[in-house]
file entry_32.cif (mmCIF, C-alpha atoms)
data_data
loop_
_atom_site.label_atom_id
_atom_site.label_comp_id
_atom_site.auth_asym_id
_atom_site.auth_seq_id
_atom_site.Cartn_x
_atom_site.Cartn_y
_atom_site.Cartn_z
CA MET A 161 6.33 -29.39 21.00
CA GLN A 162 5.90 -25.80 22.21
CA LYS A 163 2.82 -24.07 20.86
CA ARG A 164 3.12 -20.76 19.05
CA GLU A 165 -0.51 -19.61 19.36
CA ARG A 166 -1.42 -18.19 22.77
CA PHE A 167 -5.15 -18.94 22.45
CA LEU A 168 -4.69 -22.59 21.48
CA ASP A 169 -4.73 -25.16 24.27
CA LYS A 170 -3.70 -28.80 23.88
CA GLU A 171 -7.24 -30.13 24.08
CA ALA A 172 -8.39 -27.81 21.30
CA PHE A 173 -5.33 -28.59 19.17
CA ASP A 174 -5.73 -32.36 19.50
CA TRP A 175 -9.44 -32.17 18.74
CA ALA A 176 -8.96 -29.99 15.66
CA VAL A 177 -6.14 -32.11 14.25
CA THR A 178 -8.17 -35.28 14.70
CA PHE A 179 -11.28 -33.73 13.17
CA ARG A 180 -9.52 -32.44 10.06
CA MET A 181 -7.42 -35.56 9.47
CA ASN A 182 -10.08 -38.15 10.27
CA GLU A 183 -13.27 -36.40 9.16
CA ALA A 184 -13.10 -33.19 7.15
CA ILE A 185 -10.30 -34.05 4.71
CA PRO A 186 -11.34 -37.70 4.12
CA ARG A 187 -14.96 -36.59 3.60
CA ALA A 188 -13.95 -34.17 0.87
CA GLN A 189 -11.60 -36.70 -0.75
CA LYS A 190 -14.34 -39.33 -0.80
CA ALA A 191 -16.83 -36.96 -2.43
CA ILE A 192 -14.29 -35.87 -5.05
CA ALA A 193 -13.64 -39.51 -6.01
CA ASP A 194 -17.37 -40.38 -6.17
CA PRO A 195 -18.56 -40.46 -9.82
CA ASN A 196 -22.15 -39.97 -8.66
CA VAL A 197 -21.44 -36.54 -7.18
CA HIS A 198 -22.69 -33.70 -9.38
CA PRO A 199 -19.75 -31.94 -11.14
CA ALA A 200 -20.56 -28.57 -9.55
CA ASP A 201 -20.71 -30.19 -6.12
CA ARG A 202 -17.43 -31.99 -6.81
CA ALA A 203 -15.77 -28.66 -7.56
CA GLN A 204 -17.06 -27.31 -4.26
CA TYR A 205 -15.63 -30.29 -2.43
CA LYS A 206 -12.29 -29.58 -4.12
CA TYR A 207 -12.36 -26.09 -2.66
CA ASP A 208 -13.36 -27.48 0.73
CA LEU A 209 -10.35 -29.80 0.57
CA ALA A 210 -8.01 -26.93 -0.33
CA HIS A 211 -9.37 -24.77 2.47
CA ASP A 212 -9.17 -27.62 4.99
CA ARG A 213 -5.57 -28.36 4.02
CA LEU A 214 -4.57 -24.71 4.41
CA SER A 215 -6.39 -24.40 7.74
CA HIS A 216 -4.73 -27.61 8.91
CA TRP A 217 -1.31 -26.26 7.94
CA VAL A 218 -1.91 -23.08 9.94
CA LEU A 219 -3.15 -25.16 12.87
CA LEU A 220 0.05 -27.21 12.86
CA TYR A 221 2.12 -24.01 12.81
CA SER A 222 0.08 -22.69 15.74
CA GLY A 223 0.60 -25.92 17.65
CA GLY A 224 4.38 -25.73 17.37
CA THR A 225 5.21 -28.20 14.58
CA GLN A 226 8.81 -27.87 13.39
CA ILE A 227 9.30 -25.76 10.26
CA ASP A 228 11.05 -28.56 8.34
CA ASN A 229 7.96 -30.75 8.80
CA LEU A 230 5.65 -27.89 7.89
CA ARG A 231 7.63 -27.36 4.70
CA ASP A 232 6.82 -30.93 3.67
CA ASP A 233 3.14 -30.27 4.31
CA LEU A 234 2.81 -27.23 2.04
CA PRO A 235 2.87 -28.85 -1.46
CA PRO A 236 -0.41 -30.75 -0.85
CA VAL A 237 -2.03 -27.42 0.04
CA LEU A 238 -0.94 -25.81 -3.22
CA THR A 239 -1.91 -28.89 -5.23
CA ALA A 240 -5.37 -28.89 -3.69
CA PHE A 241 -5.91 -25.25 -4.72
CA ASP A 242 -4.62 -26.06 -8.20
CA HIS A 243 -6.99 -29.02 -8.56
CA PHE A 244 -9.93 -26.85 -7.53
CA LEU A 245 -9.14 -23.92 -9.79
CA SER A 246 -8.41 -26.13 -12.80
CA ASP A 247 -11.91 -27.62 -12.50
CA GLU A 248 -14.22 -26.20 -15.18
CA HIS A 249 -16.92 -25.77 -12.54
CA ALA A 250 -14.70 -23.85 -10.11
CA ASP A 251 -16.36 -20.78 -8.62
CA LEU A 252 -13.86 -17.93 -9.02
CA VAL A 253 -15.45 -16.02 -6.16
CA TYR A 254 -12.87 -17.84 -4.03
CA VAL A 255 -10.05 -15.89 -5.67
CA ASP A 256 -11.79 -12.51 -5.73
CA LEU A 257 -9.43 -10.11 -3.96
CA ALA A 258 -12.33 -7.74 -3.26
CA ILE A 259 -13.52 -10.23 -0.63
CA GLN A 260 -11.28 -9.93 2.42
CA ASP A 261 -11.30 -13.64 3.28
CA TYR A 262 -9.79 -14.48 -0.09
CA TYR A 263 -7.49 -11.45 -0.19
CA VAL A 264 -5.92 -12.57 3.08
CA GLU A 265 -5.78 -16.16 1.85
CA ALA A 266 -3.93 -14.97 -1.27
CA LEU A 267 -1.34 -13.13 0.83
CA TRP A 268 -0.95 -16.18 3.06
CA LEU A 269 -0.32 -18.54 0.15
CA LEU A 270 2.24 -16.20 -1.40
CA SER A 271 3.91 -15.75 2.00
CA LEU A 272 4.13 -19.43 2.88
CA THR A 273 5.34 -20.39 -0.58
CA LYS A 274 8.17 -17.86 -0.48
CA LEU A 275 9.18 -18.18 3.18
CA LEU A 276 9.40 -21.97 2.90
CA GLY A 277 11.55 -21.78 -0.22
CA PHE A 278 9.19 -22.96 -2.94
CA ASP A 279 10.22 -20.31 -5.45
CA ASN A 280 9.32 -22.63 -8.32
CA GLU A 281 5.69 -22.58 -7.12
CA ILE A 282 5.24 -18.82 -6.66
CA GLN A 283 4.11 -18.15 -10.22
CA ARG A 284 1.54 -20.93 -9.94
CA VAL A 285 0.17 -19.43 -6.72
CA ALA A 286 -0.03 -15.95 -8.23
CA GLY A 287 -1.79 -17.48 -11.21
CA PHE A 288 -4.61 -18.68 -8.98
CA TYR A 289 -5.66 -15.07 -8.46
CA LEU A 290 -5.00 -13.86 -11.98
CA LEU A 291 -7.71 -16.25 -13.18
CA ASP A 292 -10.06 -13.46 -12.08
CA GLU A 293 -9.24 -10.66 -14.52
CA THR A 294 -10.69 -8.03 -12.19
CA ASN A 295 -7.80 -8.67 -9.77
CA SER A 296 -5.14 -7.41 -12.16
CA GLY A 297 -4.11 -3.90 -11.20
CA ALA A 298 -6.78 -3.69 -8.50
CA ASP A 299 -4.54 -3.58 -5.43
CA GLU A 300 -1.24 -1.77 -4.96
CA LEU A 301 0.04 -4.06 -2.22
CA PHE A 302 -0.66 -7.25 -4.15
CA GLU A 303 1.05 -5.87 -7.25
CA ALA A 304 4.04 -4.67 -5.21
CA LEU A 305 4.46 -8.16 -3.79
CA LEU A 306 4.27 -9.75 -7.24
CA ALA A 307 6.92 -7.37 -8.52
CA LYS A 308 9.23 -8.00 -5.54
CA LEU A 309 8.79 -11.75 -6.06
CA GLY A 310 10.00 -11.34 -9.64
CA LEU A 311 6.63 -11.94 -11.24
CA PRO A 312 4.80 -9.88 -13.89
CA SER A 313 2.80 -7.13 -12.21
CA ALA A 314 0.39 -4.39 -13.22
CA GLU A 315 0.23 -0.73 -12.33
CA ALA A 316 -2.06 -0.12 -9.36
CA GLU A 317 -2.91 2.76 -7.10
CA GLY A 318 -4.62 2.32 -3.77
CA LEU A 319 -5.75 -0.62 -1.71
CA ILE A 320 -8.86 -2.75 -1.80
CA HIS A 321 -8.67 -3.27 1.95
CA GLU A 322 -7.08 -0.19 3.50
CA ASP A 323 -7.71 -1.35 7.07
CA PRO A 324 -5.16 -2.60 8.12
CA TYR A 325 -3.12 -2.96 4.92
CA GLN A 326 -2.26 0.72 4.52
CA HIS A 327 0.31 0.19 7.26
CA LEU A 328 1.91 -2.67 5.34
CA LEU A 329 2.01 -0.67 2.12
CA ASP A 330 3.52 2.25 4.05
CA ALA A 331 6.25 -0.08 5.32
CA ILE A 332 7.15 -1.00 1.75
CA LYS A 333 7.23 2.61 0.62
CA ALA A 334 9.07 4.03 3.64
CA GLU A 335 12.77 4.63 4.04
CA PRO A 336 14.49 1.54 5.50
CA ASN A 337 14.92 3.03 8.98
CA ASP A 338 11.22 3.93 9.14
CA ARG A 339 9.88 0.55 8.11
CA PRO A 340 9.86 -1.15 11.55
CA ALA A 341 7.50 1.51 12.94
CA HIS A 342 5.02 0.88 10.12
CA MET A 343 5.27 -2.87 10.71
CA GLN A 344 4.53 -2.36 14.39
CA ALA A 345 1.44 -0.34 13.46
CA PHE A 346 0.33 -3.06 11.06
CA LEU A 347 0.67 -5.83 13.64
CA LYS A 348 -1.08 -3.71 16.26
CA ASP A 349 -4.09 -3.15 13.99
CA TRP A 350 -4.05 -6.46 12.12
CA TYR A 351 -6.58 -8.46 14.13
CA LYS A 352 -9.22 -5.75 14.46
CA GLY A 353 -8.86 -5.17 10.73
CA MET A 354 -9.80 -8.80 10.03
CA LYS A 355 -13.44 -8.54 11.14
CA ASP A 356 -14.76 -9.41 7.68
CA CYS A 357 -12.92 -12.74 7.67
CA GLY A 358 -14.97 -15.79 8.54
CA TRP A 359 -12.43 -17.00 11.11
CA TRP A 360 -12.38 -13.74 13.07
CA GLY A 361 -13.32 -14.37 16.71
CA SER A 362 -13.03 -18.13 16.36
CA HIS A 363 -10.84 -18.37 19.47
CA VAL A 364 -13.90 -17.69 21.65
CA ARG A 365 -15.37 -20.80 23.22
CA ARG A 366 -19.01 -21.50 22.61
CA PRO A 367 -21.22 -21.64 25.71
CA GLY A 368 -21.48 -25.17 27.07
CA THR A 369 -18.55 -26.62 25.13
CA THR A 370 -15.47 -28.20 26.62
CA VAL A 371 -13.26 -27.94 23.52
CA LEU A 372 -12.49 -25.09 21.18
CA ASP A 373 -14.60 -26.46 18.31
CA THR A 374 -15.13 -23.21 16.41
CA GLY A 375 -12.68 -24.01 13.63
CA PHE A 376 -9.96 -21.94 15.28
CA PHE A 377 -6.54 -22.55 13.76
CA GLY A 378 -4.59 -19.56 14.99
CA TYR A 379 -4.13 -15.90 14.16
CA TRP A 380 -1.09 -15.10 12.02
CA ALA A 381 -0.17 -12.17 9.81
CA PHE A 382 1.99 -14.28 7.51
CA GLU A 383 2.10 -11.34 5.11
CA ALA A 384 4.04 -9.37 7.75
CA GLY A 385 6.67 -12.09 7.60
CA LEU A 386 6.80 -11.95 3.81
CA VAL A 387 7.28 -8.18 3.70
CA THR A 388 9.88 -8.34 6.48
CA TYR A 389 11.85 -10.94 4.54
CA LEU A 390 11.53 -9.47 1.05
CA TRP A 391 12.38 -5.92 2.13
CA ASP A 392 14.98 -7.12 4.65
CA ILE A 393 13.44 -5.19 7.54
CA ASP A 394 15.02 -5.29 10.99
CA ASP A 395 12.30 -7.03 13.00
CA SER A 396 13.97 -6.74 16.41
CA SER A 397 11.40 -4.17 17.58
CA TYR A 398 8.35 -6.27 16.68
CA ARG A 399 9.41 -9.91 16.48
CA GLU A 400 7.70 -10.69 19.80
CA MET A 401 4.45 -8.96 18.84
CA GLN A 402 1.33 -11.07 18.59
CA TYR A 403 0.49 -12.36 15.09
CA TYR A 404 4.05 -12.05 13.76
CA PRO A 405 5.36 -15.41 12.41
CA LYS A 406 8.93 -14.94 13.54
CA ASP A 407 9.85 -18.62 13.18
CA LEU A 408 9.05 -18.57 9.47
CA VAL A 409 11.10 -15.42 8.93
CA ASP A 410 14.01 -16.87 10.90
CA TYR A 411 13.82 -20.06 8.81
CA ALA A 412 13.84 -18.14 5.54
CA ARG A 413 16.74 -15.94 6.62
CA ALA A 414 18.79 -18.91 7.84
CA TYR A 415 18.23 -21.43 5.08
CA LEU A 416 17.08 -19.74 1.88
CA PRO A 417 19.43 -18.20 -0.68
CA LYS A 418 19.08 -14.49 -1.25
#
call {"tool": "encode", "arguments": {"input": "entry_32.cif", "output": "structure tokens"}}
result
Amino acid sequence: MQKRERFLDKEAFDWAVTFRMNEAIPRAQKAIADPNVHPADRAQYKYDLAHDRLSHWVLLYSGGTQIDNLRDDLPPVLTAFDHFLSDEHADLVYVDLAIQDYYVEALWLLSLTKLLGFDNEIQRVAGFYLLDETNSGADELFEALLAKLGLPSAEAEGLIHEDPYQHLLDAIKAEPNDRPAHMQAFLKDWYKGMKDCGWWGSHVRRPGTTVLDTGFFGYWAFEAGLVTYLWDIDDSSYREMQYYPKDLVDYARAYLPK
């Protein structure tokens, strides 16, 4: 298995996989099943489970897991988010697009669902974020993606998170021949534009540690892959750039019907 993430070493990968599979995910599952856990706390554990499953999926992609196997691992991620958001005690702050962590998470879920061929699940994923009425019409990029995915969308003007997403919006709006240059600019600025995300900088080892135990799962602009695929952009000039999930785009282009 050849890793995809340059900052991830085998020791860190093995440790993180073991921790999530043997500790984090079972801990959340046990709490969710415990009738003595307060309902509000149970809802929080449901979110923890959804977040851990998504992080674990990204970690497996970073580590080099084959796309066919990763495809099998996505439905439990979506189901975990559904179980959390259908809980009457769910805190909708976790789907507030005004918070960059959750904005990026929304784009990731839409991207993975489409690029792995789960078209029947895309409306459900979009629905997670429409539970918060303030999201509707709040972001031009999000609405453009919904429309391109064949989902109901609202009129929107401007971006909630301009840095770095103006580049991605520009790629959508540009003439076809100009789109690769905007995608290159997006990928170049993507990481430094993620500073408000909780996982930013997690590749840095803590002093005195021997493993990368910061929760690092890899840095990927999955949304760049989604836009490349949906707008059929020639990615030859940027497919080797850091953060671009070329294997997912190649999979979608090879195996999914247009």
call {"tool": "resolve_selection", "arguments": {"input": "entry_32.cif", "expression": "the PyMOL selection byres ((chain A and resi 201) around 12)", "output": "ChimeraX atom specification"}}
result
/A:188,191-200,202-208,244,247-251
call {"tool": "write_last_selection", "arguments": {"input": "entry_32.cif", "atoms": "C-alpha atoms", "output": "JSON list (two decimals), in the coordinates of the input"}}
result
[["chain", "number", "residue", "atom", "x", "y", "z"],
["A", 188, "ALA", "CA", -13.95, -34.17, 0.87],
["A", 191, "ALA", "CA", -16.83, -36.96, -2.43],
["A", 192, "ILE", "CA", -14.29, -35.87, -5.05],
["A", 193, "ALA", "CA", -13.64, -39.51, -6.01],
["A", 194, "ASP", "CA", -17.37, -40.38, -6.17],
["A", 195, "PRO", "CA", -18.56, -40.46, -9.82],
["A", 196, "ASN", "CA", -22.15, -39.97, -8.66],
["A", 197, "VAL", "CA", -21.44, -36.54, -7.18],
["A", 198, "HIS", "CA", -22.69, -33.70, -9.38],
["A", 199, "PRO", "CA", -19.75, -31.94, -11.14],
["A", 200, "ALA", "CA", -20.56, -28.57, -9.55],
["A", 202, "ARG", "CA", -17.43, -31.99, -6.81],
["A", 203, "ALA", "CA", -15.77, -28.66, -7.56],
["A", 204, "GLN", "CA", -17.06, -27.31, -4.26],
["A", 205, "TYR", "CA", -15.63, -30.29, -2.43],
["A", 206, "LYS", "CA", -12.29, -29.58, -4.12],
["A", 207, "TYR", "CA", -12.36, -26.09, -2.66],
["A", 208, "ASP", "CA", -13.36, -27.48, 0.73],
["A", 244, "PHE", "CA", -9.93, -26.85, -7.53],
["A", 247, "ASP", "CA", -11.91, -27.62, -12.50],
["A", 248, "GLU", "CA", -14.22, -26.20, -15.18],
["A", 249, "HIS", "CA", -16.92, -25.77, -12.54],
["A", 250, "ALA", "CA", -14.70, -23.85, -10.11],
["A", 251, "ASP", "CA", -16.36, -20.78, -8.62]]
call {"tool": "closest_residue", "arguments": {"input": "entry_32.cif", "among": "A:Ala314, A:Leu416, A:Ala266, A:Ile185", "to": "Ser296 (chain A)", "atoms": "all atoms listed in the file"}}
result
A:Ala314
call {"tool": "atom_distance", "arguments": {"input": "entry_32.cif", "atom1": "CA of Pro235 (chain A)", "atom2": "CA of Phe278 (chain A)"}}
result
8.8 Å
call {"tool": "resolve_selection", "arguments": {"input": "entry_32.cif", "expression": "the PyMOL selection byres ((chain A and resi 321-324) around 7)", "output": "VMD selection string"}}
result
chain A and resid 319 to 320 325 to 327 346 349 to 350 353
call {"tool": "write_last_selection", "arguments": {"input": "entry_32.cif", "atoms": "C-alpha atoms", "output": "PDB file, in the frame of the given file"}}
result
ATOM      1  CA  LEU A 319      -5.750  -0.620  -1.710  1.00  0.00           C
ATOM      2  CA  ILE A 320      -8.860  -2.750  -1.800  1.00  0.00           C
ATOM      3  CA  TYR A 325      -3.120  -2.960   4.920  1.00  0.00           C
ATOM      4  CA  GLN A 326      -2.260   0.720   4.520  1.00  0.00           C
ATOM      5  CA  HIS A 327       0.310   0.190   7.260  1.00  0.00           C
ATOM      6  CA  PHE A 346       0.330  -3.060  11.060  1.00  0.00           C
ATOM      7  CA  ASP A 349      -4.090  -3.150  13.990  1.00  0.00           C
ATOM      8  CA  TRP A 350      -4.050  -6.460  12.120  1.00  0.00           C
ATOM      9  CA  GLY A 353      -8.860  -5.170  10.730  1.00  0.00           C
TER      10      GLY A 353
END
call {"tool": "resolve_selection", "arguments": {"input": "entry_32.cif", "expression": "the PyMOL selection byres ((chain A and resi 224) around 7)", "output": "PyMOL selection string"}}
result
chain A and resi 161-164+220-223+225-226
call {"tool": "closest_atom_pairs", "arguments": {"input": "entry_32.cif", "of": "region 303-344 of chain A", "to": "region 389-408 of chain A", "cutoff": "12 Å", "atoms": "all atoms listed in the file", "output": "JSON lines"}}
result
{"residue": "A:Ala304", "atom": "CA", "partner": "A:Leu390", "partner_atom": "CA", "distance": 10.9}
{"residue": "A:Leu305", "atom": "CA", "partner": "A:Leu390", "partner_atom": "CA", "distance": 8.7}
{"residue": "A:Leu306", "atom": "CA", "partner": "A:Leu390", "partner_atom": "CA", "distance": 11.0}
{"residue": "A:Ala307", "atom": "CA", "partner": "A:Leu390", "partner_atom": "CA", "distance": 10.8}
{"residue": "A:Lys308", "atom": "CA", "partner": "A:Leu390", "partner_atom": "CA", "distance": 7.1}
{"residue": "A:Leu309", "atom": "CA", "partner": "A:Leu390", "partner_atom": "CA", "distance": 8.0}
{"residue": "A:Gly310", "atom": "CA", "partner": "A:Leu390", "partner_atom": "CA", "distance": 11.0}
{"residue": "A:Leu328", "atom": "CA", "partner": "A:Trp391", "partner_atom": "CA", "distance": 11.4}
{"residue": "A:Leu329", "atom": "CA", "partner": "A:Trp391", "partner_atom": "CA", "distance": 11.6}
{"residue": "A:Ala331", "atom": "CA", "partner": "A:Trp391", "partner_atom": "CA", "distance": 9.0}
{"residue": "A:Ile332", "atom": "CA", "partner": "A:Trp391", "partner_atom": "CA", "distance": 7.2}
{"residue": "A:Lys333", "atom": "CA", "partner": "A:Trp391", "partner_atom": "CA", "distance": 10.1}
{"residue": "A:Ala334", "atom": "CA", "partner": "A:Trp391", "partner_atom": "CA", "distance": 10.6}
{"residue": "A:Glu335", "atom": "CA", "partner": "A:Ile393", "partner_atom": "CA", "distance": 10.4}
{"residue": "A:Pro336", "atom": "CA", "partner": "A:Ile393", "partner_atom": "CA", "distance": 7.1}
{"residue": "A:Asn337", "atom": "CA", "partner": "A:Ile393", "partner_atom": "CA", "distance": 8.5}
{"residue": "A:Asp338", "atom": "CA", "partner": "A:Ile393", "partner_atom": "CA", "distance": 9.5}
{"residue": "A:Arg339", "atom": "CA", "partner": "A:Ile393", "partner_atom": "CA", "distance": 6.8}
{"residue": "A:Pro340", "atom": "CA", "partner": "A:Asp395", "partner_atom": "CA", "distance": 6.5}
{"residue": "A:Ala341", "atom": "CA", "partner": "A:Ser397", "partner_atom": "CA", "distance": 8.3}
{"residue": "A:His342", "atom": "CA", "partner": "A:Tyr398", "partner_atom": "CA", "distance": 10.3}
{"residue": "A:Met343", "atom": "CA", "partner": "A:Tyr398", "partner_atom": "CA", "distance": 7.5}
{"residue": "A:Gln344", "atom": "CA", "partner": "A:Tyr398", "partner_atom": "CA", "distance": 5.9}
call {"tool": "write_last_selection", "arguments": {"input": "entry_32.cif", "atoms": "C-alpha atoms", "output": "CSV table (one decimal), in the coordinates of the input"}}
result
chain,number,residue,atom,x,y,z
A,304,ALA,CA,4.0,-4.7,-5.2
A,305,LEU,CA,4.5,-8.2,-3.8
A,306,LEU,CA,4.3,-9.8,-7.2
A,307,ALA,CA,6.9,-7.4,-8.5
A,308,LYS,CA,9.2,-8.0,-5.5
A,309,LEU,CA,8.8,-11.8,-6.1
A,310,GLY,CA,10.0,-11.3,-9.6
A,328,LEU,CA,1.9,-2.7,5.3
A,329,LEU,CA,2.0,-0.7,2.1
A,331,ALA,CA,6.2,-0.1,5.3
A,332,ILE,CA,7.2,-1.0,1.8
A,333,LYS,CA,7.2,2.6,0.6
A,334,ALA,CA,9.1,4.0,3.6
A,335,GLU,CA,12.8,4.6,4.0
A,336,PRO,CA,14.5,1.5,5.5
A,337,ASN,CA,14.9,3.0,9.0
A,338,ASP,CA,11.2,3.9,9.1
A,339,ARG,CA,9.9,0.6,8.1
A,340,PRO,CA,9.9,-1.2,11.6
A,341,ALA,CA,7.5,1.5,12.9
A,342,HIS,CA,5.0,0.9,10.1
A,343,MET,CA,5.3,-2.9,10.7
A,344,GLN,CA,4.5,-2.4,14.4
call {"tool": "closest_residue", "arguments": {"input": "entry_32.cif", "among": "A:Val409, A:Ala414, A:Leu290, A:Gln260", "to": "Lys355 (chain A)", "atoms": "all atoms listed in the file"}}
result
A:Gln260
call {"tool": "residues_around", "arguments": {"input": "entry_32.cif", "residues": "Glu281 (chain A)", "least_positions_apart": "4", "cutoff": "12 Å", "atoms": "all atoms listed in the file", "output": "number ranges by chain"}}
result
A: 234-239, 242, 269-277, 285-288, 309, 311
call {"tool": "residues_around", "arguments": {"input": "entry_32.cif", "residues": "Leu267 (chain A)", "least_positions_apart": "5", "cutoff": "9 Å", "atoms": "all atoms listed in the file", "output": "list of chain:residue names"}}
result
A:Tyr262, A:Leu272, A:Phe302, A:Leu305, A:Phe382, A:Glu383, A:Leu386
call {"tool": "atom_distance", "arguments": {"input": "entry_32.cif", "atom1": "CA of Ala210 (chain A)", "atom2": "CA of Ala316 (chain A)"}}
result
28.9 Å
call {"tool": "atom_distance", "arguments": {"input": "entry_32.cif", "atom1": "CA of Asp174 (chain A)", "atom2": "CA of Tyr263 (chain A)"}}
result
28.8 Å
call {"tool": "axis_aligned_box", "arguments": {"input": "entry_32.cif", "around": "region 276-293 of chain A", "padding_each_side": "8 Å", "output": "JSON"}}
result
{"center_x": 0.7, "center_y": -16.8, "center_z": -5.8, "size_x": 37.6, "size_y": 28.3, "size_z": 33.4}
call {"tool": "closest_residue", "arguments": {"input": "entry_32.cif", "among": "A:Gln283, A:Ala176, A:Glu293, A:Asp261", "to": "Met354 (chain A)", "atoms": "all atoms listed in the file"}}
result
A:Asp261
call {"tool": "residues_around", "arguments": {"input": "entry_32.cif", "residues": "Trp359 (chain A)", "least_positions_apart": "2", "cutoff": "8 Å", "atoms": "all atoms listed in the file", "output": "NGL selection string"}}
result
:A and (357 or 361-362 or 375-376)
call {"tool": "closest_residue", "arguments": {"input": "entry_32.cif", "among": "A:Asn280, A:Asn295, A:Gln189, A:Thr388", "to": "Ala240 (chain A)", "atoms": "all atoms listed in the file"}}
result
A:Gln189
call {"tool": "closest_residue", "arguments": {"input": "entry_32.cif", "among": "A:Glu317, A:Tyr415, A:Val218, A:Tyr379", "to": "His363 (chain A)", "atoms": "all atoms listed in the file"}}
result
A:Tyr379
